[in-house]
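A.B. asks: Sharing a structure with you now.
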4 protein chains.
Amino acid sequence: MSNKIYHHPVQIYYEDTDHSGVVYHPNFLKYFERAREHVIDSQRLNRLWNDQGIGFAVYKANMIFQEGVEFAEVCDIRTSFIIEGKYKTLWRQEVWRPNAIRPAVIGDIEMVCLDKDKQLQPIPNEILALLV
Amino acid sequence: MSNKIYHHPVQIYYEDTDHSGVVYHPNFLKYFERAREHVIDSQRLNRLWNDQGIGFAVYKANMIFQEGVEFAEVCDIRTSFIIEGKYKTLWRQEVWRPNAIRPAVIGDIEMVCLDKDKQLQPIPNEILALLV
Amino acid sequence: MSNKIYHHPVQIYYEDTDHSGVVYHPNFLKYFERAREHVIDSQRLNRLWNDQGIGFAVYKANMIFQEGVEFAEVCDIRTSFIIEGKYKTLWRQEVWRPNAIRPAVIGDIEMVCLDKDKQLQPIPNEILALLV
Amino acid sequence: MSNKIYHHPVQIYYEDTDHSGVVYHPNFLKYFERAREHVIDSQRLNRLWNDQGIGFAVYKANMIFQEGVEFAEVCDIRTSFIIEGKYKTLWRQEVWRPNAIRPAVIGDIEMVCLDKDKQLQPIPNEILALLV
């Protein structure tokens, strides 16, 4: 288990916004994934997929959208997680706008590991060692 | 309140998939939004925004991803909703693959109405009349 | 060679727009691909990929963006093409807004066929038969 | 006129790829826009839009896709530009994979300035001063 909070910056570009003037809500799930990849390390994820055929998949995502995020802002994606049993990792992820006093978006994300046939697999030891 | 289930077809294109071979998970939130727009009617949404400065925003989204969805599949997005009080609409939305016996993805989406200053507004009567 | 013009409708959703109020320009390349998939048939593309390991790839795209396209518009994507030699298909694709007198966007797209090692392959006979 | 080449790194995430295993081709236009925003400065773009109602728009884009780009690669987006007359900026932008000997993607992008009514405007002096 970990109490560490990881920080990942995300700048908001045209591609992120919609015609209401703020970030289009599904994009926050993208930022959360980017941030998780920096915790686990994309090269490691890549090897895990190519060598062992194991990938991470989002099983559940509970999102609260408290505030709009605007073009050109650089947000701080804050990530922490716990490991639950042999199969699950639970991630708390938040989007913080510059100078904010509360998160604009909160996500509770449950990840599992799947093989190439989409069958559930235990979290690889290599990842456990990294995350614990 | 409504028990009606609305159906909206979504074909999976290259743009929808990722290198794991299935639909990239945030995209399901896009399909849900498209389906809701067909329930409420995009032209009506557009007038509401241009004339009254009122738009719908996703406040919460609870998603369960049970199964991958593949390129070239035409899925059925099934949508129902209830109105809760003066401010909230609660939407149950599901992604059904062809010939499926259970939904691939389930979403519980809570929508609110905001004005152009992002302040909460009651659901407009025009929409209530439509949805009840 | 073909003079036929294929029509494919595309409705503009929130996901398509950006904070300037119109469709975000890279998205037109998505609509062009959707339209081409309806000309060639996604199921056929899928079999070609799974059975023979052959896929289509965009090699060149020359785009002119003449006019913005707005939320809730249903555009007509107009597609025609010619086959050039054994390797190339050249596609002229246009985005027409409702009641327009000229296209909002024009694309000239050059497609080639690649195998799974990304090596150039002649256009499969099955596709030639379809397109000629 | 400038001969300077600007460098902007882009890491490839799940969101960028498609089921063929490489980056989905319209996404390169996104990376080019991100890179241009770092040349011009997003905060400046934002003020220009909010204070003067002037924005940049892509008028033409000629793209050549020479090579696929894969998950987890960190690419170098190389950008240079020239100013042509009072209205146009011409941008040469390239995607370089790690250790590459030629660009994977080449784009020639023509940008113009538009006001909020989508009418052509001369390039603002503030931008000219920055770019020359």
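Each chain in the structure tokens gets a letter, A, B and so on, in the order shown; residues start at 1 in every chain, and ligands are counted from 1 in the order they appear.
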For the interface of chain B with chain C (cut-off 7 Å, counting only C-alpha atoms), please tabulate each contacting residue of chain B alongside its nearest pair of atoms and their separation in Å to one decimal, rows sorted by chain and increasing number, as CSV.

C.D. replies:
```
residue,atom,partner,partner_atom,distance
B:Tyr13,CA,C:Arg34,CA,6.6
B:Glu15,CA,C:Lys30,CA,6.8
B:Lys30,CA,C:Glu15,CA,6.8
B:Arg34,CA,C:Tyr13,CA,6.6
B:Ser42,CA,C:Ala72,CA,5.5
B:Gln43,CA,C:Ala72,CA,6.1
B:Ala72,CA,C:Ser42,CA,5.5
```

A.B. asks: Can those selected residues be exported to a file as a PDB file, in the first residue's frame so that it contains all heavy atoms?

C.D. replies:
```
ATOM      1  N   TYR B  13     -15.297   2.717 -35.491  1.00  0.00           N
ATOM      2  CA  TYR B  13     -14.321   3.023 -36.537  1.00  0.00           C
ATOM      3  C   TYR B  13     -12.894   2.956 -35.973  1.00  0.00           C
ATOM      4  O   TYR B  13     -12.711   2.855 -34.761  1.00  0.00           O
ATOM      5  CB  TYR B  13     -14.591   4.428 -37.091  1.00  0.00           C
ATOM      6  CG  TYR B  13     -15.932   4.571 -37.771  1.00  0.00           C
ATOM      7  CD1 TYR B  13     -16.992   5.220 -37.138  1.00  0.00           C
ATOM      8  CD2 TYR B  13     -16.132   4.056 -39.047  1.00  0.00           C
ATOM      9  CE1 TYR B  13     -18.227   5.361 -37.777  1.00  0.00           C
ATOM     10  CE2 TYR B  13     -17.369   4.194 -39.687  1.00  0.00           C
ATOM     11  CZ  TYR B  13     -18.402   4.851 -39.045  1.00  0.00           C
ATOM     12  OH  TYR B  13     -19.614   4.978 -39.680  1.00  0.00           O
ATOM     13  N   GLU B  15     -10.893   5.315 -35.420  1.00  0.00           N
ATOM     14  CA  GLU B  15     -10.726   6.377 -34.424  1.00  0.00           C
ATOM     15  C   GLU B  15     -11.121   5.964 -33.011  1.00  0.00           C
ATOM     16  O   GLU B  15     -10.703   6.587 -32.032  1.00  0.00           O
ATOM     17  CB  GLU B  15     -11.577   7.598 -34.815  1.00  0.00           C
ATOM     18  CG  GLU B  15     -13.068   7.320 -34.783  1.00  0.00           C
ATOM     19  CD  GLU B  15     -13.929   8.440 -35.373  1.00  0.00           C
ATOM     20  OE1 GLU B  15     -14.135   8.452 -36.596  1.00  0.00           O
ATOM     21  OE2 GLU B  15     -14.394   9.276 -34.593  1.00  0.00           O
ATOM     22  N   LYS B  30     -18.384   9.270 -24.895  1.00  0.00           N
ATOM     23  CA  LYS B  30     -18.817   9.988 -26.103  1.00  0.00           C
ATOM     24  C   LYS B  30     -20.095   9.378 -26.667  1.00  0.00           C
ATOM     25  O   LYS B  30     -21.022  10.097 -27.059  1.00  0.00           O
ATOM     26  CB  LYS B  30     -17.735   9.918 -27.193  1.00  0.00           C
ATOM     27  CG  LYS B  30     -16.435  10.604 -26.874  1.00  0.00           C
ATOM     28  CD  LYS B  30     -15.539  10.583 -28.124  1.00  0.00           C
ATOM     29  CE  LYS B  30     -14.196  11.239 -27.860  1.00  0.00           C
ATOM     30  NZ  LYS B  30     -13.334  11.236 -29.063  1.00  0.00           N
ATOM     31  N   ARG B  34     -23.710  11.185 -27.314  1.00  0.00           N
ATOM     32  CA  ARG B  34     -24.435  11.196 -28.595  1.00  0.00           C
ATOM     33  C   ARG B  34     -25.860  10.689 -28.413  1.00  0.00           C
ATOM     34  O   ARG B  34     -26.813  11.270 -28.926  1.00  0.00           O
ATOM     35  CB  ARG B  34     -23.729  10.279 -29.609  1.00  0.00           C
ATOM     36  CG  ARG B  34     -22.364  10.733 -30.045  1.00  0.00           C
ATOM     37  CD  ARG B  34     -21.807   9.757 -31.085  1.00  0.00           C
ATOM     38  NE  ARG B  34     -20.353   9.801 -31.169  1.00  0.00           N
ATOM     39  CZ  ARG B  34     -19.606   8.915 -31.818  1.00  0.00           C
ATOM     40  NH1 ARG B  34     -20.175   7.898 -32.453  1.00  0.00           N
ATOM     41  NH2 ARG B  34     -18.285   9.038 -31.859  1.00  0.00           N
ATOM     42  N   SER B  42     -30.626  17.534 -30.539  1.00  0.00           N
ATOM     43  CA  SER B  42     -29.489  18.481 -30.601  1.00  0.00           C
ATOM     44  C   SER B  42     -29.935  19.885 -30.993  1.00  0.00           C
ATOM     45  O   SER B  42     -29.390  20.874 -30.503  1.00  0.00           O
ATOM     46  CB  SER B  42     -28.449  17.992 -31.612  1.00  0.00           C
ATOM     47  OG  SER B  42     -28.040  16.694 -31.300  1.00  0.00           O
ATOM     48  N   GLN B  43     -30.924  19.990 -31.880  1.00  0.00           N
ATOM     49  CA  GLN B  43     -31.394  21.321 -32.279  1.00  0.00           C
ATOM     50  C   GLN B  43     -32.001  22.050 -31.088  1.00  0.00           C
ATOM     51  O   GLN B  43     -31.814  23.251 -30.911  1.00  0.00           O
ATOM     52  CB  GLN B  43     -32.426  21.220 -33.414  1.00  0.00           C
ATOM     53  CG  GLN B  43     -31.853  20.687 -34.717  1.00  0.00           C
ATOM     54  CD  GLN B  43     -30.763  21.584 -35.304  1.00  0.00           C
ATOM     55  OE1 GLN B  43     -30.622  22.740 -34.923  1.00  0.00           O
ATOM     56  NE2 GLN B  43     -29.972  21.028 -36.202  1.00  0.00           N
ATOM     57  N   ALA B  72     -15.494  -2.285 -36.274  1.00  0.00           N
ATOM     58  CA  ALA B  72     -16.522  -2.651 -37.266  1.00  0.00           C
ATOM     59  C   ALA B  72     -17.824  -3.143 -36.631  1.00  0.00           C
ATOM     60  O   ALA B  72     -18.810  -3.348 -37.334  1.00  0.00           O
ATOM     61  CB  ALA B  72     -16.008  -3.655 -38.291  1.00  0.00           C
TER      62      ALA B  72
END
```

A.B. asks: Any chance you could list, as a PDB file with N, CA, C and O atoms, in the first residue's frame, the residues in chain C that come up alpha helix (DSSP H) when DSSP is run on the backbone?

C.D. replies:
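Result file is selection.pdb:
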```pdb
ATOM      1  N   ASN C  27     -10.575  16.626 -36.867  1.00  0.00           N
ATOM      2  CA  ASN C  27     -11.721  15.715 -36.899  1.00  0.00           C
ATOM      3  C   ASN C  27     -12.258  15.470 -38.308  1.00  0.00           C
ATOM      4  O   ASN C  27     -12.869  14.431 -38.561  1.00  0.00           O
ATOM      5  N   PHE C  28     -12.009  16.399 -39.218  1.00  0.00           N
ATOM      6  CA  PHE C  28     -12.491  16.158 -40.585  1.00  0.00           C
ATOM      7  C   PHE C  28     -11.815  14.932 -41.205  1.00  0.00           C
ATOM      8  O   PHE C  28     -12.424  14.225 -42.008  1.00  0.00           O
ATOM      9  N   LEU C  29     -10.566  14.695 -40.817  1.00  0.00           N
ATOM     10  CA  LEU C  29      -9.903  13.471 -41.297  1.00  0.00           C
ATOM     11  C   LEU C  29     -10.612  12.217 -40.778  1.00  0.00           C
ATOM     12  O   LEU C  29     -10.626  11.186 -41.447  1.00  0.00           O
ATOM     13  N   LYS C  30     -11.191  12.318 -39.573  1.00  0.00           N
ATOM     14  CA  LYS C  30     -11.981  11.191 -39.051  1.00  0.00           C
ATOM     15  C   LYS C  30     -13.227  10.949 -39.904  1.00  0.00           C
ATOM     16  O   LYS C  30     -13.572   9.810 -40.218  1.00  0.00           O
ATOM     17  N   TYR C  31     -13.921  12.028 -40.251  1.00  0.00           N
ATOM     18  CA  TYR C  31     -15.150  11.861 -41.031  1.00  0.00           C
ATOM     19  C   TYR C  31     -14.830  11.268 -42.387  1.00  0.00           C
ATOM     20  O   TYR C  31     -15.583  10.450 -42.917  1.00  0.00           O
ATOM     21  N   PHE C  32     -13.690  11.692 -42.951  1.00  0.00           N
ATOM     22  CA  PHE C  32     -13.299  11.146 -44.252  1.00  0.00           C
ATOM     23  C   PHE C  32     -13.040   9.647 -44.131  1.00  0.00           C
ATOM     24  O   PHE C  32     -13.424   8.872 -44.999  1.00  0.00           O
ATOM     25  N   GLU C  33     -12.381   9.246 -43.048  1.00  0.00           N
ATOM     26  CA  GLU C  33     -12.144   7.818 -42.898  1.00  0.00           C
ATOM     27  C   GLU C  33     -13.450   7.044 -42.710  1.00  0.00           C
ATOM     28  O   GLU C  33     -13.627   5.974 -43.302  1.00  0.00           O
ATOM     29  N   ARG C  34     -14.353   7.561 -41.898  1.00  0.00           N
ATOM     30  CA  ARG C  34     -15.651   6.880 -41.739  1.00  0.00           C
ATOM     31  C   ARG C  34     -16.315   6.684 -43.105  1.00  0.00           C
ATOM     32  O   ARG C  34     -16.826   5.611 -43.412  1.00  0.00           O
ATOM     33  N   ALA C  35     -16.286   7.749 -43.905  1.00  0.00           N
ATOM     34  CA  ALA C  35     -16.954   7.686 -45.212  1.00  0.00           C
ATOM     35  C   ALA C  35     -16.289   6.646 -46.114  1.00  0.00           C
ATOM     36  O   ALA C  35     -16.967   5.884 -46.810  1.00  0.00           O
ATOM     37  N   ARG C  36     -14.957   6.591 -46.105  1.00  0.00           N
ATOM     38  CA  ARG C  36     -14.262   5.595 -46.932  1.00  0.00           C
ATOM     39  C   ARG C  36     -14.605   4.182 -46.485  1.00  0.00           C
ATOM     40  O   ARG C  36     -14.748   3.277 -47.305  1.00  0.00           O
ATOM     41  N   GLU C  37     -14.748   4.005 -45.174  1.00  0.00           N
ATOM     42  CA  GLU C  37     -15.084   2.665 -44.671  1.00  0.00           C
ATOM     43  C   GLU C  37     -16.468   2.224 -45.139  1.00  0.00           C
ATOM     44  O   GLU C  37     -16.712   1.027 -45.292  1.00  0.00           O
ATOM     45  N   HIS C  38     -17.347   3.178 -45.360  1.00  0.00           N
ATOM     46  CA  HIS C  38     -18.662   2.804 -45.877  1.00  0.00           C
ATOM     47  C   HIS C  38     -18.613   2.526 -47.372  1.00  0.00           C
ATOM     48  O   HIS C  38     -19.440   1.791 -47.899  1.00  0.00           O
ATOM     49  N   VAL C  39     -17.650   3.099 -48.077  1.00  0.00           N
ATOM     50  CA  VAL C  39     -17.471   2.761 -49.496  1.00  0.00           C
ATOM     51  C   VAL C  39     -16.886   1.345 -49.617  1.00  0.00           C
ATOM     52  O   VAL C  39     -17.383   0.512 -50.371  1.00  0.00           O
ATOM     53  N   ILE C  40     -15.841   1.080 -48.845  1.00  0.00           N
ATOM     54  CA  ILE C  40     -15.148  -0.220 -48.956  1.00  0.00           C
ATOM     55  C   ILE C  40     -15.871  -1.301 -48.163  1.00  0.00           C
ATOM     56  O   ILE C  40     -15.786  -2.477 -48.508  1.00  0.00           O
ATOM     57  N   SER C  42     -16.676  -1.880 -43.855  1.00  0.00           N
ATOM     58  CA  SER C  42     -15.827  -2.169 -42.688  1.00  0.00           C
ATOM     59  C   SER C  42     -15.649  -3.667 -42.448  1.00  0.00           C
ATOM     60  O   SER C  42     -14.579  -4.117 -42.035  1.00  0.00           O
ATOM     61  N   GLN C  43     -16.700  -4.457 -42.708  1.00  0.00           N
ATOM     62  CA  GLN C  43     -16.571  -5.906 -42.502  1.00  0.00           C
ATOM     63  C   GLN C  43     -15.535  -6.488 -43.454  1.00  0.00           C
ATOM     64  O   GLN C  43     -14.757  -7.374 -43.089  1.00  0.00           O
ATOM     65  N   ARG C  44     -15.534  -5.986 -44.694  1.00  0.00           N
ATOM     66  CA  ARG C  44     -14.541  -6.457 -45.667  1.00  0.00           C
ATOM     67  C   ARG C  44     -13.135  -6.038 -45.226  1.00  0.00           C
ATOM     68  O   ARG C  44     -12.192  -6.838 -45.281  1.00  0.00           O
ATOM     69  N   LEU C  45     -13.007  -4.788 -44.758  1.00  0.00           N
ATOM     70  CA  LEU C  45     -11.715  -4.312 -44.240  1.00  0.00           C
ATOM     71  C   LEU C  45     -11.233  -5.187 -43.093  1.00  0.00           C
ATOM     72  O   LEU C  45     -10.042  -5.509 -42.992  1.00  0.00           O
ATOM     73  N   ASN C  46     -12.169  -5.557 -42.256  1.00  0.00           N
ATOM     74  CA  ASN C  46     -11.852  -6.367 -41.087  1.00  0.00           C
ATOM     75  C   ASN C  46     -11.346  -7.751 -41.496  1.00  0.00           C
ATOM     76  O   ASN C  46     -10.339  -8.234 -40.979  1.00  0.00           O
ATOM     77  N   ARG C  47     -12.041  -8.377 -42.457  1.00  0.00           N
ATOM     78  CA  ARG C  47     -11.616  -9.702 -42.940  1.00  0.00           C
ATOM     79  C   ARG C  47     -10.253  -9.609 -43.614  1.00  0.00           C
ATOM     80  O   ARG C  47      -9.394 -10.464 -43.433  1.00  0.00           O
ATOM     81  N   ASN C 125      -7.127  -7.903 -55.103  1.00  0.00           N
ATOM     82  CA  ASN C 125      -8.090  -8.047 -56.203  1.00  0.00           C
ATOM     83  C   ASN C 125      -9.531  -7.863 -55.729  1.00  0.00           C
ATOM     84  O   ASN C 125     -10.353  -7.281 -56.434  1.00  0.00           O
ATOM     85  N   GLU C 126      -9.796  -8.379 -54.546  1.00  0.00           N
ATOM     86  CA  GLU C 126     -11.138  -8.254 -53.967  1.00  0.00           C
ATOM     87  C   GLU C 126     -11.575  -6.787 -53.892  1.00  0.00           C
ATOM     88  O   GLU C 126     -12.736  -6.458 -54.109  1.00  0.00           O
ATOM     89  N   ILE C 127     -10.630  -5.933 -53.549  1.00  0.00           N
ATOM     90  CA  ILE C 127     -10.943  -4.508 -53.436  1.00  0.00           C
ATOM     91  C   ILE C 127     -11.029  -3.882 -54.828  1.00  0.00           C
ATOM     92  O   ILE C 127     -11.928  -3.082 -55.121  1.00  0.00           O
ATOM     93  N   LEU C 128     -10.111  -4.273 -55.711  1.00  0.00           N
ATOM     94  CA  LEU C 128     -10.149  -3.759 -57.089  1.00  0.00           C
ATOM     95  C   LEU C 128     -11.509  -4.057 -57.718  1.00  0.00           C
ATOM     96  O   LEU C 128     -12.123  -3.188 -58.338  1.00  0.00           O
ATOM     97  N   ALA C 129     -11.951  -5.294 -57.543  1.00  0.00           N
ATOM     98  CA  ALA C 129     -13.230  -5.711 -58.130  1.00  0.00           C
ATOM     99  C   ALA C 129     -14.366  -4.840 -57.600  1.00  0.00           C
ATOM    100  O   ALA C 129     -15.303  -4.480 -58.326  1.00  0.00           O
ATOM    101  N   LEU C 130     -14.241  -4.505 -56.337  1.00  0.00           N
ATOM    102  CA  LEU C 130     -15.272  -3.683 -55.695  1.00  0.00           C
ATOM    103  C   LEU C 130     -15.258  -2.254 -56.220  1.00  0.00           C
ATOM    104  O   LEU C 130     -16.305  -1.631 -56.434  1.00  0.00           O
ATOM    105  N   LEU C 131     -14.050  -1.738 -56.413  1.00  0.00           N
ATOM    106  CA  LEU C 131     -13.933  -0.298 -56.649  1.00  0.00           C
ATOM    107  C   LEU C 131     -14.056   0.072 -58.123  1.00  0.00           C
ATOM    108  O   LEU C 131     -14.443   1.194 -58.452  1.00  0.00           O
TER     109      LEU C 131
END
```

A.B. asks: Write out as a tab-separated table (two decimals) with all heavy atoms, in the first residue's frame which residues come within 7 Å of Glu94 in chain A when counting only C-alpha atoms, dropping same-chain ones fewer than 2 positions away.

C.D. replies:
```tsv
chain	number	residue	atom	x	y	z
A	77	ILE	N	-2.35	16.71	-12.31
A	77	ILE	CA	-3.10	15.46	-12.10
A	77	ILE	C	-2.45	14.76	-10.91
A	77	ILE	O	-1.26	14.41	-10.97
A	77	ILE	CB	-3.05	14.55	-13.35
A	77	ILE	CG1	-3.41	15.34	-14.62
A	77	ILE	CG2	-3.98	13.35	-13.16
A	77	ILE	CD1	-4.79	15.94	-14.64
A	78	ARG	N	-3.23	14.59	-9.84
A	78	ARG	CA	-2.71	13.97	-8.62
A	78	ARG	C	-3.21	12.54	-8.53
A	78	ARG	O	-4.42	12.30	-8.60
A	78	ARG	CB	-3.14	14.77	-7.39
A	78	ARG	CG	-2.63	16.20	-7.44
A	78	ARG	CD	-2.89	16.94	-6.16
A	78	ARG	NE	-2.54	18.36	-6.35
A	78	ARG	CZ	-2.78	19.31	-5.46
A	78	ARG	NH1	-3.37	19.00	-4.30
A	78	ARG	NH2	-2.45	20.57	-5.71
A	79	THR	N	-2.29	11.62	-8.34
A	79	THR	CA	-2.61	10.19	-8.41
A	79	THR	C	-2.09	9.46	-7.19
A	79	THR	O	-0.92	9.62	-6.83
A	79	THR	CB	-1.96	9.57	-9.68
A	79	THR	OG1	-2.51	10.21	-10.83
A	79	THR	CG2	-2.19	8.08	-9.76
A	92	ARG	N	-7.03	6.65	-6.89
A	92	ARG	CA	-7.71	7.93	-6.70
A	92	ARG	C	-6.96	8.96	-7.54
A	92	ARG	O	-5.75	9.12	-7.39
A	92	ARG	CB	-7.70	8.31	-5.21
A	92	ARG	CG	-7.88	9.79	-4.91
A	92	ARG	CD	-9.17	10.40	-5.41
A	92	ARG	NE	-10.38	9.84	-4.86
A	92	ARG	CZ	-11.19	10.46	-4.01
A	92	ARG	NH1	-10.89	11.68	-3.60
A	92	ARG	NH2	-12.30	9.89	-3.59
A	96	TRP	N	-6.39	19.13	-10.67
A	96	TRP	CA	-6.30	20.41	-9.95
A	96	TRP	C	-5.94	21.52	-10.94
A	96	TRP	O	-4.91	21.46	-11.60
A	96	TRP	CB	-5.24	20.34	-8.85
A	96	TRP	CG	-5.68	19.51	-7.67
A	96	TRP	CD1	-5.78	18.16	-7.61
A	96	TRP	CD2	-6.13	20.01	-6.40
A	96	TRP	NE1	-6.25	17.76	-6.37
A	96	TRP	CE2	-6.46	18.88	-5.61
A	96	TRP	CE3	-6.26	21.30	-5.85
A	96	TRP	CZ2	-6.93	19.01	-4.29
A	96	TRP	CZ3	-6.72	21.41	-4.53
A	96	TRP	CH2	-7.05	20.27	-3.78
A	103	PRO	N	-10.27	19.97	-5.98
A	103	PRO	CA	-10.08	19.40	-7.32
A	103	PRO	C	-11.25	19.74	-8.24
A	103	PRO	O	-12.40	19.78	-7.80
A	103	PRO	CB	-10.00	17.89	-7.08
A	103	PRO	CG	-10.54	17.66	-5.72
A	103	PRO	CD	-10.38	18.92	-4.94
A	105	VAL	N	-11.97	17.83	-10.88
A	105	VAL	CA	-12.52	16.51	-11.23
A	105	VAL	C	-11.89	15.47	-10.30
A	105	VAL	O	-10.69	15.56	-9.99
A	105	VAL	CB	-12.21	16.13	-12.70
A	105	VAL	CG1	-12.81	14.77	-13.05
A	105	VAL	CG2	-12.73	17.20	-13.66
A	106	ILE	N	-12.72	14.54	-9.84
A	106	ILE	CA	-12.25	13.45	-8.99
A	106	ILE	C	-12.62	12.13	-9.66
A	106	ILE	O	-13.76	11.96	-10.11
A	106	ILE	CB	-12.93	13.49	-7.60
A	106	ILE	CG1	-12.62	14.81	-6.91
A	106	ILE	CG2	-12.50	12.30	-6.75
A	106	ILE	CD1	-13.46	15.04	-5.65
A	107	GLY	N	-11.67	11.21	-9.72
A	107	GLY	CA	-11.95	9.89	-10.29
A	107	GLY	C	-11.49	8.78	-9.38
A	107	GLY	O	-10.37	8.84	-8.84
```

A.B. asks: Compile the contact shell of range 80-84 of chain D as a count of residues only: residues with an atom at most 8 Å away, counting only C-alpha atoms, same-chain residues fewer than 2 positions apart removed.

C.D. replies: 16

A.B. asks: Neighbouring residues of Glu67 in chain D were defined as those with any atom within 12 Å, considering only C-alpha atoms; residues of the same chain fewer than 6 positions away were excluded. Please report them as a ChimeraX atom specification.

C.D. replies: /C:57-60,114,117-120 /D:22-25,28,94-97,100-106

A.B. asks: Based on DSSP run over this structure's backbone, return all residues of chain B in strand (DSSP E or B), as a count of residues only.

C.D. replies: 53
